[in-house]
file run.cif (mmCIF, C-alpha atoms)
data_target
#
loop_
_atom_site.group_PDB
_atom_site.id
_atom_site.type_symbol
_atom_site.label_atom_id
_atom_site.label_comp_id
_atom_site.auth_asym_id
_atom_site.auth_seq_id
_atom_site.Cartn_x
_atom_site.Cartn_y
_atom_site.Cartn_z
ATOM 1 C CA MET A 1 9.445 -39.906 205.856
ATOM 2 C CA ASP A 2 13.120 -39.940 206.665
ATOM 3 C CA SER A 3 15.391 -42.066 204.462
ATOM 4 C CA ASP A 4 16.785 -43.760 207.589
ATOM 5 C CA VAL A 5 13.305 -45.073 208.353
ATOM 6 C CA LEU A 6 12.998 -46.473 204.833
ATOM 7 C CA TRP A 7 16.355 -48.267 205.081
ATOM 8 C CA ALA A 8 15.442 -49.632 208.517
ATOM 9 C CA ALA A 9 12.147 -50.948 207.139
ATOM 10 C CA LEU A 10 13.921 -52.620 204.221
ATOM 11 C CA ALA A 11 16.438 -54.159 206.615
ATOM 12 C CA LEU A 12 13.623 -55.564 208.750
ATOM 13 C CA VAL A 13 11.994 -57.067 205.660
ATOM 14 C CA LEU A 14 15.250 -58.863 204.881
ATOM 15 C CA VAL A 15 15.509 -60.119 208.462
ATOM 16 C CA PHE A 16 11.949 -61.459 208.448
ATOM 17 C CA GLU A 17 12.339 -62.978 204.981
ATOM 18 C CA GLY A 18 15.508 -64.762 206.070
ATOM 19 C CA LEU A 19 14.189 -66.196 209.332
ATOM 20 C CA PHE A 20 12.065 -69.016 207.896
ATOM 21 C CA PRO A 21 14.690 -70.495 205.550
ATOM 22 C CA PHE A 22 17.289 -70.165 208.340
ATOM 23 C CA ILE A 23 15.156 -71.868 210.995
ATOM 24 C CA SER A 24 13.495 -74.503 208.805
ATOM 25 C CA PRO A 25 15.046 -74.891 205.344
ATOM 26 C CA GLY A 26 13.010 -78.035 204.585
ATOM 27 C CA GLY A 27 9.746 -76.373 205.546
ATOM 28 C CA TRP A 28 10.649 -73.300 203.528
ATOM 29 C CA ARG A 29 11.448 -75.474 200.482
ATOM 30 C CA ARG A 30 8.115 -77.351 200.759
ATOM 31 C CA THR A 31 6.221 -74.071 201.139
ATOM 32 C CA PHE A 32 8.005 -72.602 198.122
ATOM 33 C CA GLN A 33 7.161 -75.691 196.030
ATOM 34 C CA LYS A 34 3.494 -75.292 196.966
ATOM 35 C CA LEU A 35 3.638 -71.636 195.926
ATOM 36 C CA LEU A 36 5.076 -72.635 192.552
ATOM 37 C CA ALA A 37 2.077 -74.915 192.008
ATOM 38 C CA LEU A 38 -0.438 -72.065 192.464
ATOM 39 C CA GLN A 39 -2.014 -70.399 189.473
ATOM 40 C CA ASP A 40 -1.276 -66.774 188.624
ATOM 41 C CA GLY A 41 -4.651 -65.587 189.894
ATOM 42 C CA GLN A 42 -4.119 -67.261 193.248
ATOM 43 C CA LEU A 43 -0.681 -65.680 193.631
ATOM 44 C CA ARG A 44 -2.098 -62.276 192.707
ATOM 45 C CA PHE A 45 -4.822 -62.684 195.331
ATOM 46 C CA PHE A 46 -2.289 -63.483 198.071
ATOM 47 C CA GLY A 47 -0.100 -60.620 196.873
ATOM 48 C CA LEU A 48 -3.053 -58.229 196.993
ATOM 49 C CA CYS A 49 -3.951 -59.430 200.488
ATOM 50 C CA SER A 50 -0.368 -58.834 201.625
ATOM 51 C CA VAL A 51 -0.333 -55.329 200.163
ATOM 52 C CA MET A 52 -3.686 -54.470 201.737
ATOM 53 C CA LEU A 53 -2.639 -55.838 205.134
ATOM 54 C CA GLY A 54 0.617 -53.883 204.979
ATOM 55 C CA LEU A 55 -1.205 -50.673 204.063
ATOM 56 C CA LEU A 56 -3.698 -51.243 206.878
ATOM 57 C CA LEU A 57 -0.881 -51.739 209.385
ATOM 58 C CA LEU A 58 0.852 -48.594 208.149
ATOM 59 C CA TRP A 59 -2.385 -46.644 208.468
ATOM 60 C CA LEU A 60 -3.002 -47.960 211.990
ATOM 61 C CA THR A 61 0.517 -47.155 213.179
ATOM 62 C CA SER A 62 0.717 -43.636 211.788
#
call {"tool": "encode", "arguments": {"input": "run.cif", "output": "structure tokens"}}
result
Amino acid sequence: MDSDVLWAALALVLVFEGLFPFISPGGWRRTFQKLLALQDGQLRFFGLCSVMLGLLLLWLTS
């Protein structure tokens, strides 16, 4: 993998992460408050699902 691809991927992550608070700051704040109320196990589960989905998408696109 070329380092330019890695930097482009990181830049896209920042763009996607910034869209929701930019478009709907109130909705983002409410969502973040709900996330803070989750237990550690629930957060780990969602984190694991995100990792697995990302790996699946990488596998499908390569």
call {"tool": "atom_distance", "arguments": {"input": "run.cif", "atom1": "CA of Lys34 in chain A", "atom2": "CA of Gly47 in chain A"}}
result
15.1 Å
call {"tool": "atom_distance", "arguments": {"input": "run.cif", "atom1": "CA of Ser50 in chain A", "atom2": "CA of Arg30 in chain A"}}
result
20.4 Å
call {"tool": "atom_distance", "arguments": {"input": "run.cif", "atom1": "CA of Trp59 in chain A", "atom2": "CA of Phe46 in chain A"}}
result
19.8 Å
